[in-house]
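Student: Just one file: final-v5.cif, with mmCIF, C-alpha atoms.
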```cif
data_input
#
loop_
_atom_site.label_atom_id
_atom_site.label_comp_id
_atom_site.auth_asym_id
_atom_site.auth_seq_id
_atom_site.Cartn_x
_atom_site.Cartn_y
_atom_site.Cartn_z
CA MET Z 1 129.10 109.45 75.62
CA TRP Z 2 126.39 108.34 78.08
CA ALA Z 3 128.07 104.94 78.41
CA LEU Z 4 131.36 106.63 79.31
CA LYS Z 5 129.64 108.86 81.85
CA LYS Z 6 127.96 105.89 83.49
CA ALA Z 7 131.28 104.06 83.70
CA TYR Z 8 132.87 107.09 85.34
CA TYR Z 9 130.01 107.50 87.83
CA ARG Z 10 130.12 103.86 88.88
CA THR Z 11 133.91 103.89 89.18
CA TYR Z 12 133.71 107.01 91.33
CA GLN Z 13 131.03 105.42 93.54
CA PHE Z 14 133.05 102.24 93.94
CA GLY Z 15 136.01 104.30 95.13
CA MET Z 16 133.80 106.34 97.46
CA GLY Z 17 132.40 103.14 98.93
CA LEU Z 18 135.92 102.07 99.82
CA GLY Z 19 136.82 105.51 101.12
CA MET Z 20 133.82 105.59 103.45
CA ASN Z 21 135.70 103.19 105.72
CA PHE Z 22 138.41 105.78 106.41
CA LEU Z 23 136.32 108.87 107.19
CA PRO Z 24 135.93 110.13 110.80
CA TRP Z 25 132.38 108.95 111.63
CA ILE Z 26 131.71 110.37 115.09
CA GLU Z 27 128.12 109.81 116.21
CA PRO Z 28 126.38 112.58 118.17
CA GLU Z 29 125.54 111.98 121.80
CA ILE Z 30 121.79 111.79 122.35
CA ILE Z 31 119.87 113.67 125.03
CA ASP Z 32 116.32 112.33 124.87
CA GLY Z 33 113.01 112.17 126.66
CA THR Z 34 110.22 114.62 127.42
CA ASP Z 35 111.55 118.07 128.45
CA SER Z 36 115.12 117.00 127.69
CA ILE Z 37 115.68 120.48 126.21
CA LYS Z 38 116.05 121.68 129.81
CA LYS Z 39 119.12 119.45 130.21
CA LEU Z 40 121.05 121.02 127.35
CA ALA Z 41 122.34 124.05 129.25
CA ALA Z 42 124.00 121.82 131.86
CA VAL Z 43 125.74 119.84 129.11
CA ILE Z 44 126.98 123.03 127.45
CA LYS Z 45 128.28 124.38 130.76
CA LYS Z 46 130.01 121.09 131.53
CA LYS Z 47 131.84 121.37 128.21
CA GLY Z 48 133.20 124.75 129.29
CA PHE Z 49 131.22 126.98 126.94
CA THR Z 50 129.88 130.24 128.34
CA ASN Z 51 128.80 132.06 125.16
CA VAL Z 52 126.70 130.45 122.42
CA LEU Z 53 124.81 131.40 119.26
CA VAL Z 54 121.22 130.17 118.94
CA VAL Z 55 120.00 129.75 115.34
CA THR Z 56 116.26 129.38 114.74
CA ASP Z 57 113.35 130.78 112.70
CA PRO Z 58 110.64 133.41 113.30
CA GLY Z 59 107.82 130.86 113.54
CA LEU Z 60 109.38 129.00 116.45
CA MET Z 61 110.12 132.28 118.21
CA GLY Z 62 106.46 133.24 117.78
CA LEU Z 63 105.38 129.96 119.34
CA ARG Z 64 107.76 130.60 122.27
CA LEU Z 65 109.20 127.10 121.93
CA LEU Z 66 112.65 128.38 122.83
CA ASP Z 67 111.61 129.87 126.19
CA PRO Z 68 112.63 126.78 128.23
CA LEU Z 69 116.03 126.78 126.52
CA PHE Z 70 116.60 130.49 127.14
CA GLU Z 71 115.58 130.10 130.78
CA ALA Z 72 117.93 127.14 131.27
CA LEU Z 73 120.83 128.98 129.62
CA GLY Z 74 120.25 132.01 131.84
CA SER Z 75 120.09 129.89 134.99
CA ALA Z 76 123.36 128.20 134.03
CA GLY Z 77 125.08 131.54 133.48
CA ILE Z 78 125.52 130.96 129.75
CA ARG Z 79 125.33 134.03 127.56
CA TYR Z 80 123.53 133.59 124.25
CA SER Z 81 123.16 135.58 121.04
CA LEU Z 82 120.25 134.97 118.71
CA TYR Z 83 119.75 134.71 114.97
CA ASP Z 84 116.06 134.00 114.36
CA GLN Z 85 115.50 134.89 110.71
CA VAL Z 86 116.17 131.54 109.00
CA GLN Z 87 113.95 131.03 105.97
CA PRO Z 88 112.30 127.67 105.11
CA ASN Z 89 115.13 127.02 102.63
CA PRO Z 90 118.13 128.74 104.29
CA THR Z 91 119.86 131.15 101.96
CA ILE Z 92 123.44 132.31 101.63
CA GLU Z 93 122.27 135.63 103.10
CA ASN Z 94 120.84 133.83 106.16
CA ILE Z 95 124.14 132.08 106.74
CA ASP Z 96 126.23 135.22 106.34
CA ALA Z 97 123.98 137.13 108.75
CA SER Z 98 124.18 134.33 111.31
CA TYR Z 99 127.97 134.17 110.93
CA LYS Z 100 128.22 137.94 111.48
CA ILE Z 101 126.36 137.66 114.81
CA TYR Z 102 128.56 134.73 115.87
CA LYS Z 103 131.73 136.68 115.12
CA GLU Z 104 130.62 140.02 116.59
CA ASN Z 105 129.59 138.40 119.87
CA LYS Z 106 132.65 136.13 120.11
CA CYS Z 107 130.53 132.99 120.50
CA GLN Z 108 132.11 129.61 121.24
CA ALA Z 109 129.46 127.12 120.13
CA ILE Z 110 126.18 126.97 118.19
CA ILE Z 111 122.71 125.66 118.98
CA GLY Z 112 120.59 124.83 115.94
CA PHE Z 113 116.94 124.83 117.05
CA GLY Z 114 114.12 123.87 114.68
CA GLY Z 115 113.51 121.83 111.58
CA GLY Z 116 116.07 121.09 108.91
CA SER Z 117 116.41 124.73 107.86
CA PRO Z 118 117.67 126.18 111.17
CA MET Z 119 119.94 123.18 111.71
CA ASP Z 120 121.34 123.48 108.17
CA CYS Z 121 121.87 127.21 108.70
CA ALA Z 122 123.67 126.46 111.98
CA LYS Z 123 125.93 123.91 110.27
CA ALA Z 124 126.76 126.29 107.44
CA THR Z 125 127.43 129.06 109.97
CA GLY Z 126 129.95 126.75 111.62
CA ALA Z 127 131.55 126.14 108.23
CA ARG Z 128 131.94 129.91 107.77
CA VAL Z 129 133.54 130.18 111.22
CA ALA Z 130 136.07 127.51 110.26
CA ARG Z 131 136.69 128.97 106.79
CA PRO Z 132 136.15 132.74 107.12
CA ASN Z 133 137.80 133.46 103.77
CA ARG Z 134 135.74 130.97 101.79
CA PRO Z 135 132.19 131.89 100.71
CA ILE Z 136 129.48 129.29 101.18
CA SER Z 137 129.08 128.93 97.41
CA ARG Z 138 132.61 127.48 97.27
CA MET Z 139 131.84 124.84 99.90
CA LYS Z 140 129.35 123.03 97.66
CA GLY Z 141 130.02 119.31 97.38
CA LEU Z 142 132.37 117.09 99.35
CA PHE Z 143 134.97 117.89 102.01
CA LYS Z 144 135.29 121.61 101.22
CA VAL Z 145 135.36 122.41 104.95
CA MET Z 146 137.58 119.59 106.20
CA MET Z 147 140.29 120.02 103.57
CA PRO Z 148 141.08 123.73 103.16
CA SER Z 149 144.11 125.15 101.41
CA LEU Z 150 147.11 125.78 103.65
CA LYS Z 151 146.66 129.55 103.70
CA MET Z 152 143.22 129.11 105.32
CA GLY Z 153 144.58 127.23 108.29
CA SER Z 154 143.06 124.10 109.79
CA LEU Z 155 140.27 125.31 112.09
CA LEU Z 156 137.33 123.03 112.83
CA PRO Z 157 133.76 124.34 113.01
CA PRO Z 158 132.58 125.18 116.54
CA PRO Z 159 130.65 122.46 118.42
CA LEU Z 160 127.03 122.19 117.29
CA PHE Z 161 124.13 121.21 119.56
CA ALA Z 162 121.15 120.23 117.40
CA VAL Z 163 117.56 120.44 118.67
CA PRO Z 164 115.01 119.12 116.12
CA THR Z 165 111.40 120.28 116.35
CA THR Z 166 110.22 118.00 113.55
CA ALA Z 167 110.65 114.25 113.12
CA GLY Z 168 111.90 114.18 109.59
CA THR Z 169 115.09 115.82 108.41
CA GLY Z 170 117.56 113.87 110.55
CA SER Z 171 119.82 116.94 110.41
CA GLU Z 172 120.72 116.38 114.05
CA THR Z 173 122.98 113.49 112.96
CA THR Z 174 123.93 114.21 109.35
CA VAL Z 175 127.07 115.70 107.80
CA THR Z 176 125.03 117.70 105.30
CA ALA Z 177 123.79 121.28 105.13
CA VAL Z 178 121.52 122.28 102.24
CA VAL Z 179 121.79 125.88 101.07
CA SER Z 180 119.63 127.89 98.67
CA ASN Z 181 120.76 130.65 96.32
CA PRO Z 182 117.60 132.66 95.54
CA HIS Z 183 119.39 134.58 92.80
CA THR Z 184 120.21 131.49 90.73
CA HIS Z 185 117.33 129.28 92.00
CA GLU Z 186 119.96 126.72 92.97
CA LYS Z 187 119.78 124.53 96.05
CA PHE Z 188 123.01 122.70 96.85
CA PRO Z 189 124.40 120.47 99.63
CA ILE Z 190 127.58 120.92 101.61
CA ASN Z 191 128.79 117.47 102.70
CA ASP Z 192 131.54 117.19 105.28
CA PRO Z 193 132.03 115.00 108.38
CA VAL Z 194 133.14 118.00 110.46
CA LEU Z 195 129.64 119.49 110.16
CA ARG Z 196 128.07 116.66 112.15
CA PRO Z 197 126.51 117.85 115.44
CA ARG Z 198 128.17 116.87 118.71
CA TYR Z 199 124.83 116.46 120.53
CA ALA Z 200 121.26 115.73 119.44
CA VAL Z 201 118.37 116.67 121.75
CA LEU Z 202 115.36 114.44 120.99
CA ASP Z 203 112.57 116.04 123.02
CA PRO Z 204 109.09 114.92 121.88
CA SER Z 205 107.40 117.78 123.72
CA LEU Z 206 108.90 120.18 121.13
CA THR Z 207 107.04 118.45 118.30
CA VAL Z 208 103.57 118.37 119.89
CA GLY Z 209 102.42 121.62 118.26
CA LEU Z 210 103.15 120.48 114.70
CA PRO Z 211 100.12 120.60 112.36
CA PRO Z 212 99.12 117.17 111.00
CA HIS Z 213 100.25 117.94 107.43
CA ILE Z 214 103.76 118.87 108.62
CA THR Z 215 103.85 115.78 110.84
CA ALA Z 216 102.99 113.74 107.75
CA THR Z 217 105.42 115.24 105.25
CA THR Z 218 108.36 115.39 107.65
CA GLY Z 219 107.71 111.78 108.62
CA ILE Z 220 107.77 110.68 104.98
CA ASP Z 221 110.94 112.75 104.55
CA ALA Z 222 112.56 110.54 107.20
CA LEU Z 223 111.20 107.46 105.43
CA THR Z 224 112.77 108.70 102.18
CA HIS Z 225 116.14 109.01 103.90
CA ALA Z 226 115.95 105.43 105.12
CA VAL Z 227 114.73 104.00 101.80
CA GLU Z 228 117.18 105.86 99.56
CA SER Z 229 120.06 104.95 101.84
CA TYR Z 230 119.06 101.28 102.03
CA ILE Z 231 118.68 100.74 98.27
CA GLY Z 232 122.01 102.38 97.40
CA LYS Z 233 124.88 100.43 95.85
CA PHE Z 234 128.63 100.03 96.30
CA ASN Z 235 128.75 99.50 100.07
CA TYR Z 236 128.49 103.12 101.14
CA ASN Z 237 126.57 101.61 104.07
CA ASN Z 238 127.87 99.21 106.68
CA ALA Z 239 125.96 96.75 108.86
CA ASP Z 240 125.09 99.43 111.41
CA THR Z 241 123.73 102.00 108.96
CA ARG Z 242 121.73 99.34 107.09
CA MET Z 243 120.25 98.16 110.38
CA LYS Z 244 119.35 101.76 111.31
CA ALA Z 245 117.59 102.19 107.95
CA VAL Z 246 115.56 99.03 108.52
CA MET Z 247 114.64 100.15 112.04
CA ALA Z 248 113.56 103.55 110.75
CA VAL Z 249 111.31 102.04 108.05
CA GLU Z 250 109.65 99.72 110.54
CA MET Z 251 109.15 102.47 113.15
CA ILE Z 252 107.74 104.99 110.67
CA PHE Z 253 105.24 102.56 109.14
CA ARG Z 254 104.15 101.61 112.65
CA ASN Z 255 103.84 105.12 114.09
CA ILE Z 256 103.28 107.82 111.49
CA GLU Z 257 99.52 107.46 111.18
CA LYS Z 258 99.16 107.30 114.95
CA VAL Z 259 100.99 110.58 115.44
CA TYR Z 260 99.20 112.13 112.43
CA ASN Z 261 95.84 111.38 114.05
CA ASP Z 262 96.88 112.03 117.66
CA GLY Z 263 99.51 114.75 117.78
CA ILE Z 264 99.75 114.90 121.58
CA ASP Z 265 100.86 111.27 122.03
CA LEU Z 266 104.33 111.90 123.45
CA GLU Z 267 105.41 108.26 123.28
CA THR Z 268 104.61 108.06 119.56
CA ARG Z 269 106.20 111.46 118.97
CA GLY Z 270 109.32 110.12 120.65
CA GLN Z 271 109.32 107.04 118.42
CA MET Z 272 109.11 109.23 115.31
CA LEU Z 273 111.97 111.42 116.53
CA LEU Z 274 114.12 108.34 117.08
CA ALA Z 275 113.13 106.94 113.66
CA SER Z 276 114.11 110.23 112.06
CA TYR Z 277 117.46 110.08 113.87
CA TYR Z 278 118.06 106.50 112.69
CA ALA Z 279 117.19 107.42 109.10
CA GLY Z 280 119.53 110.42 109.25
CA PHE Z 281 122.24 108.23 110.75
CA SER Z 282 121.84 105.81 107.84
CA PHE Z 283 121.91 108.28 104.95
CA THR Z 284 124.80 110.21 106.50
CA ARG Z 285 126.95 107.38 105.19
CA GLY Z 286 124.65 105.69 102.67
CA CYS Z 287 123.67 108.88 100.80
CA VAL Z 288 120.33 109.62 99.18
CA GLY Z 289 119.34 109.61 95.50
CA TYR Z 290 117.18 111.09 92.77
CA VAL Z 291 114.23 111.78 95.09
CA HIS Z 292 116.38 114.32 96.90
CA GLY Z 293 118.08 115.61 93.78
CA ILE Z 294 114.78 116.49 92.09
CA GLY Z 295 113.16 117.60 95.35
CA HIS Z 296 115.93 120.07 96.12
CA LYS Z 297 115.44 121.72 92.75
CA LEU Z 298 111.66 121.99 93.17
CA GLY Z 299 112.31 123.65 96.50
CA ALA Z 300 114.77 126.12 95.00
CA MET Z 301 112.69 126.83 91.89
CA TYR Z 302 109.18 127.00 93.34
CA GLY Z 303 109.55 126.98 97.12
CA VAL Z 304 108.07 123.48 97.49
CA PRO Z 305 108.57 122.40 101.14
CA HIS Z 306 111.23 119.71 101.35
CA GLY Z 307 109.12 117.11 103.14
CA LEU Z 308 106.25 117.53 100.70
CA ALA Z 309 108.62 117.14 97.76
CA MET Z 310 110.05 113.91 99.18
CA SER Z 311 106.59 112.50 99.88
CA VAL Z 312 105.27 113.09 96.36
CA ILE Z 313 108.40 112.15 94.41
CA MET Z 314 109.49 108.92 96.12
CA PRO Z 315 106.95 106.49 94.58
CA TYR Z 316 107.69 107.81 91.07
CA ILE Z 317 111.44 107.29 91.45
CA LEU Z 318 111.09 103.83 92.98
CA GLU Z 319 108.86 102.81 90.06
CA TRP Z 320 111.41 104.18 87.59
CA TYR Z 321 114.20 102.08 89.12
CA GLY Z 322 112.28 98.94 88.20
CA LYS Z 323 114.02 95.63 88.74
CA ALA Z 324 117.28 97.35 89.71
CA ALA Z 325 115.70 98.05 93.12
CA HIS Z 326 113.50 94.97 93.48
CA LYS Z 327 115.70 93.10 95.95
CA PRO Z 328 116.15 95.86 98.57
CA LEU Z 329 112.55 97.05 98.17
CA ALA Z 330 111.31 93.48 98.66
CA GLU Z 331 113.31 93.36 101.90
CA LEU Z 332 111.76 96.62 103.05
CA ALA Z 333 108.30 95.29 102.17
CA GLU Z 334 108.89 92.52 104.70
CA VAL Z 335 109.97 95.06 107.32
CA ALA Z 336 106.97 97.30 106.64
CA GLY Z 337 104.58 94.36 106.92
CA VAL Z 338 103.14 94.72 103.42
CA ALA Z 339 104.56 91.52 101.86
CA ARG Z 340 102.41 88.40 101.72
CA PHE Z 341 103.44 84.75 101.73
CA GLY Z 342 104.20 83.41 98.29
CA MET Z 343 104.96 86.76 96.67
CA SER Z 344 107.88 86.98 94.26
CA GLN Z 345 110.64 89.53 94.81
CA ALA Z 346 109.15 91.80 92.15
CA GLU Z 347 105.70 91.52 93.71
CA LYS Z 348 107.04 92.43 97.13
CA ALA Z 349 108.82 95.46 95.70
CA ARG Z 350 105.63 96.53 93.96
CA ALA Z 351 103.67 96.02 97.19
CA PHE Z 352 106.07 98.35 98.99
CA ILE Z 353 105.60 101.09 96.39
CA GLU Z 354 101.82 100.67 96.47
CA ALA Z 355 101.93 100.84 100.27
CA LEU Z 356 103.77 104.17 100.00
CA LYS Z 357 101.10 105.53 97.66
CA ALA Z 358 98.32 104.34 99.96
CA LEU Z 359 100.07 105.85 102.98
CA ASN Z 360 100.43 109.19 101.18
CA SER Z 361 96.73 109.11 100.37
CA ARG Z 362 95.76 108.44 103.98
CA LEU Z 363 98.01 111.31 105.06
CA ASN Z 364 96.32 113.63 102.51
CA ILE Z 365 99.53 114.11 100.51
CA PRO Z 366 98.89 115.05 96.85
CA ARG Z 367 100.03 112.88 93.94
CA GLY Z 368 101.70 115.72 92.00
CA PHE Z 369 102.55 119.42 91.77
CA ASP Z 370 100.69 122.14 89.90
CA CYS Z 371 103.68 124.50 89.96
CA ILE Z 372 105.97 122.69 87.51
CA LYS Z 373 106.19 124.56 84.19
CA ASP Z 374 107.13 122.71 81.01
CA GLU Z 375 109.76 125.28 80.11
CA ASP Z 376 111.50 124.76 83.48
CA ILE Z 377 111.80 120.97 83.23
CA PRO Z 378 115.17 120.88 81.38
CA THR Z 379 116.73 123.22 83.96
CA ILE Z 380 115.32 121.26 86.89
CA ALA Z 381 116.65 118.02 85.41
CA GLU Z 382 120.09 119.48 84.71
CA HIS Z 383 120.47 120.87 88.24
CA ALA Z 384 119.12 117.70 89.86
CA LEU Z 385 121.55 115.46 88.00
CA SER Z 386 124.47 117.77 88.75
CA GLU Z 387 123.77 117.15 92.44
CA CYS Z 388 123.32 113.39 92.09
CA HIS Z 389 126.18 112.57 89.71
CA PRO Z 390 128.65 111.16 90.36
CA LEU Z 391 128.18 110.93 94.17
CA TYR Z 392 124.86 109.22 94.87
CA PRO Z 393 125.05 105.39 94.53
CA VAL Z 394 121.58 104.97 93.03
CA PRO Z 395 120.33 101.53 91.90
CA LYS Z 396 120.05 102.68 88.26
CA LEU Z 397 121.58 105.74 86.59
CA MET Z 398 119.29 108.35 85.09
CA SER Z 399 120.01 110.32 81.94
CA LYS Z 400 118.74 113.86 81.43
CA LYS Z 401 116.00 112.52 79.14
CA ASP Z 402 114.95 110.03 81.83
CA CYS Z 403 114.96 112.73 84.48
CA MET Z 404 112.86 115.09 82.38
CA ALA Z 405 110.29 112.33 81.82
CA VAL Z 406 110.01 111.67 85.57
CA ILE Z 407 109.64 115.39 86.32
CA LYS Z 408 106.96 115.64 83.64
CA SER Z 409 105.03 112.83 85.35
CA LEU Z 410 105.08 114.83 88.61
CA GLN Z 411 102.86 117.53 87.13
CA ALA Z 412 99.42 117.51 88.75
#
```
What would you get if you wrote out this structure as structure tokens?

Tutor:
Amino acid sequence: MWALKKAYYRTYQFGMGLGMNFLPWIEPEIIDGTDSIKKLAAVIKKKGFTNVLVVTDPGLMGLRLLDPLFEALGSAGIRYSLYDQVQPNPTIENIDASYKIYKENKCQAIIGFGGGSPMDCAKATGARVARPNRPISRMKGLFKVMMPSLKMGSLLPPPLFAVPTTAGTGSETTVTAVVSNPHTHEKFPINDPVLRPRYAVLDPSLTVGLPPHITATTGIDALTHAVESYIGKFNYNNADTRMKAVMAVEMIFRNIEKVYNDGIDLETRGQMLLASYYAGFSFTRGCVGYVHGIGHKLGAMYGVPHGLAMSVIMPYILEWYGKAAHKPLAELAEVAGVARFGMSQAEKARAFIEALKALNSRLNIPRGFDCIKDEDIPTIAEHALSECHPLYPVPKLMSKKDCMAVIKSLQA
């Protein structure tokens, strides 16, 4: 039975790799540089929008990071409504509440301001606007927004302007929104090209206040996006997305410790924001893998922050892939500057994994989790694999038994 499943998964991925060439890949326009958030209102006004919804979280409101945006919107004569209750893992309830505000105030566009959670909530809100008769739980998976039934019409989500305040998620350029259902402890992605933001504001001044541990884990989150995308199979990627993944790996290895140790270095902050964007650009087409599948379930089950989950899990998964990932990992070892002359392909791949572990250690990231309960491991594995299979073009396919063993090894 497992052999038949593997054959089906690989056949599906081969077909998806071909189909990637025919999807509408429209890259966001970038507004970048220090204080570039102040330019956003002029762009929105130029596009003819006079009434927008701003989606963010309570922490950012408390820090008053949105004040320059609100001031610019007011000066431009743009009315805005606010939903500021997004949780760290946005829930179905968050999305429905945001959608209600959008509809009641007759908004025309959405600004997602924050880390991955507010931007994911903003994307999912847009999906609800386009498909008002379809609950978010029925948009799980691929193309459930772009290809509605005839009775639902053919609306597109409203334009989304994404403003990241962390250099990690890449949500400002991806087609994915991750949603949590606290009642079932499920965390699932909605993947659809029409969810991709129209504009991405990369303003390093918005990331200056990040604590070092969040700078670290969000940065490794971006690295995970680049690595998982790059090592994938079946030509989901093209030359451009592979190049962006390579650039992201090189930039993150070069800058993450600098920005971890000196959080007010705007130039380095800007480099990390751009690296995060490149990594998001790459995995938008290349997809991710088991690191994300397992990490999403730890987030849903125990509330593990996404960046922390990615940071801890990635070395374990790369080791599990073994020789199936040696070639691409050896190439990334060269990019990261951790390969030495005369090393074999396997040795270079191992050097890359060891470099990840050493980097995690220097960034004070733990090696495991103390929250994982033995009795939960089968459920975590089942939910993780249901996300990954058949879509993610991983180097080697993982059975439930394999997945449970990896999760077991993650226990602190």

Student: Z:Pro158, Z:Gly112, Z:Pro58, Z:Gly232: which is nearest Z:Phe14, counting only C-alpha atoms?

Tutor: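 Checking each of Z:Pro158, Z:Gly112, Z:Pro58, Z:Gly232 against Z:Phe14, counting only C-alpha atoms, the winner is Z:Gly232.
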
Student: Within 6 Å of stretch 164-181 of chain Z, counting all atoms listed in the file, which residues qualify if same-chain residues fewer than 4 places away don't, as a VMD selection string?

Tutor: chain Z and resid 90 to 91 114 to 116 120 185 to 193 195 to 196 200 206 to 207 218 to 219 221 to 222 272 to 273 276 to 277 280 to 281 284

Student: Output the residue selection produced by the PyMOL selection byres ((chain Z and resi 301-309) around 8) on the file above, formatted as a list of chain:residue names.

Tutor: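 After applying the PyMOL selection byres ((chain Z and resi 301-309) around 8), what remains is Z:Pro88, Z:Asn89, Z:Gly168, Z:His185, Z:Glu186, Z:Ile214, Z:Thr217, Z:Thr218, Z:Gly219, Z:Ile220, Z:Asp221, Z:Gly295, Z:His296, Z:Lys297, Z:Leu298, Z:Gly299, Z:Ala300, Z:Met310, Z:Ser311, Z:Val312, Z:Ile313, Z:Ile365, Z:Cys371, Z:Ile372, Z:Ile380.
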
Student: Name the residues that the PyMOL selection byres ((chain Z and resi 15) around 12) pulls out of this structure, and write them as a compact mmCIF listing (two decimals) with C-alpha atoms, in the coordinates of the input.

Tutor:
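So the final result, stored in expr_33.txt, reads:
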```
# COMPACT_ATOMS: atom_id res chain seq x y z
CA TYR Z 8 132.87 107.09 85.34
CA TYR Z 9 130.01 107.50 87.83
CA ARG Z 10 130.12 103.86 88.88
CA THR Z 11 133.91 103.89 89.18
CA TYR Z 12 133.71 107.01 91.33
CA GLN Z 13 131.03 105.42 93.54
CA PHE Z 14 133.05 102.24 93.94
CA MET Z 16 133.80 106.34 97.46
CA GLY Z 17 132.40 103.14 98.93
CA LEU Z 18 135.92 102.07 99.82
CA GLY Z 19 136.82 105.51 101.12
CA MET Z 20 133.82 105.59 103.45
CA ASN Z 21 135.70 103.19 105.72
CA PHE Z 22 138.41 105.78 106.41
CA LYS Z 233 124.88 100.43 95.85
CA PHE Z 234 128.63 100.03 96.30
CA ASN Z 235 128.75 99.50 100.07
CA TYR Z 236 128.49 103.12 101.14
CA PRO Z 390 128.65 111.16 90.36
CA LEU Z 391 128.18 110.93 94.17
CA PRO Z 393 125.05 105.39 94.53
```

Student: Do you know which residues are at most 10 Å from Z:Arg367 counting only C-alpha atoms, after dropping those on the same chain fewer than 4 positions away, and could you put them as number ranges by chain?

Tutor: Z: 311-313, 315-316, 357, 360-361, 409-412

Student: Could you check the closest approach to Z:Asp57 for each of Z:Ile92, Z:Met398, Z:Ala7, Z:Leu82 and tell me which residue wins, using only C-alpha atoms?

Tutor: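 Distance minimum relative to Z:Asp57 lands on Z:Leu82.
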
Student: Convert the output of the PyMOL selection byres ((chain Z and resi 345) around 7) on the shown file into explicit residues, formatted as a VMD selection string.

Tutor: chain Z and resid 326 to 327 330 343 to 344 346 to 349

Student: Export C-alpha atoms of the chosen residues as a compact mmCIF listing (two decimals), in the frame of the given file?

Tutor:
```txt
# COMPACT_ATOMS: atom_id res chain seq x y z
CA HIS Z 326 113.50 94.97 93.48
CA LYS Z 327 115.70 93.10 95.95
CA ALA Z 330 111.31 93.48 98.66
CA MET Z 343 104.96 86.76 96.67
CA SER Z 344 107.88 86.98 94.26
CA ALA Z 346 109.15 91.80 92.15
CA GLU Z 347 105.70 91.52 93.71
CA LYS Z 348 107.04 92.43 97.13
CA ALA Z 349 108.82 95.46 95.70
```

Student: Do a neighbour search on Z:Lys46 at 12 Å with only C-alpha atoms, toss out local chain neighbours closer than 6 positions, and write the hits as a PyMOL selection string.

Tutor: chain Z and resi 39-40+76-78

Student: Kindly write stretch 256-300 of chain Z with C-alpha atoms to a file, as a PDB file, in the first residue's frame.

Tutor:
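The resulting result_30.pdb:
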```pdb
ATOM      1  CA  ILE Z 256      21.571  37.119  10.614  1.00  0.00           C
ATOM      2  CA  GLU Z 257      24.161  37.157  13.382  1.00  0.00           C
ATOM      3  CA  LYS Z 258      24.953  40.798  12.680  1.00  0.00           C
ATOM      4  CA  VAL Z 259      21.334  41.835  13.092  1.00  0.00           C
ATOM      5  CA  TYR Z 260      20.909  39.502  16.088  1.00  0.00           C
ATOM      6  CA  ASN Z 261      23.770  41.257  17.871  1.00  0.00           C
ATOM      7  CA  ASP Z 262      23.040  44.779  16.606  1.00  0.00           C
ATOM      8  CA  GLY Z 263      19.314  45.245  16.150  1.00  0.00           C
ATOM      9  CA  ILE Z 264      19.487  48.922  15.163  1.00  0.00           C
ATOM     10  CA  ASP Z 265      21.645  48.384  12.063  1.00  0.00           C
ATOM     11  CA  LEU Z 266      19.157  49.513   9.414  1.00  0.00           C
ATOM     12  CA  GLU Z 267      21.277  48.367   6.476  1.00  0.00           C
ATOM     13  CA  THR Z 268      21.493  44.823   7.844  1.00  0.00           C
ATOM     14  CA  ARG Z 269      17.810  44.875   8.758  1.00  0.00           C
ATOM     15  CA  GLY Z 270      17.082  45.832   5.163  1.00  0.00           C
ATOM     16  CA  GLN Z 271      19.203  42.953   3.869  1.00  0.00           C
ATOM     17  CA  MET Z 272      17.289  40.485   6.052  1.00  0.00           C
ATOM     18  CA  LEU Z 273      13.946  41.865   4.843  1.00  0.00           C
ATOM     19  CA  LEU Z 274      15.048  41.429   1.242  1.00  0.00           C
ATOM     20  CA  ALA Z 275      16.342  37.910   1.974  1.00  0.00           C
ATOM     21  CA  SER Z 276      13.009  37.030   3.533  1.00  0.00           C
ATOM     22  CA  TYR Z 277      11.236  38.366   0.439  1.00  0.00           C
ATOM     23  CA  TYR Z 278      13.492  36.318  -1.867  1.00  0.00           C
ATOM     24  CA  ALA Z 279      12.911  33.172   0.190  1.00  0.00           C
ATOM     25  CA  GLY Z 280       9.145  33.762   0.115  1.00  0.00           C
ATOM     26  CA  PHE Z 281       9.323  34.390  -3.621  1.00  0.00           C
ATOM     27  CA  SER Z 282      11.094  31.052  -4.057  1.00  0.00           C
ATOM     28  CA  PHE Z 283       8.811  28.839  -1.987  1.00  0.00           C
ATOM     29  CA  THR Z 284       5.699  30.464  -3.436  1.00  0.00           C
ATOM     30  CA  ARG Z 285       6.387  28.297  -6.460  1.00  0.00           C
ATOM     31  CA  GLY Z 286       8.836  25.724  -5.097  1.00  0.00           C
ATOM     32  CA  CYS Z 287       6.765  24.777  -2.014  1.00  0.00           C
ATOM     33  CA  VAL Z 288       8.094  23.764   1.379  1.00  0.00           C
ATOM     34  CA  GLY Z 289       8.288  20.319   2.995  1.00  0.00           C
ATOM     35  CA  TYR Z 290       8.182  18.273   6.177  1.00  0.00           C
ATOM     36  CA  VAL Z 291       9.760  21.003   8.322  1.00  0.00           C
ATOM     37  CA  HIS Z 292       6.669  23.103   7.734  1.00  0.00           C
ATOM     38  CA  GLY Z 293       4.249  20.203   7.909  1.00  0.00           C
ATOM     39  CA  ILE Z 294       5.429  19.155  11.375  1.00  0.00           C
ATOM     40  CA  GLY Z 295       5.972  22.744  12.519  1.00  0.00           C
ATOM     41  CA  HIS Z 296       2.421  23.765  11.665  1.00  0.00           C
ATOM     42  CA  LYS Z 297       1.061  20.944  13.798  1.00  0.00           C
ATOM     43  CA  LEU Z 298       3.262  21.839  16.784  1.00  0.00           C
ATOM     44  CA  GLY Z 299       1.964  25.376  16.476  1.00  0.00           C
ATOM     45  CA  ALA Z 300      -1.652  24.234  16.386  1.00  0.00           C
TER      46      ALA Z 300
END
```
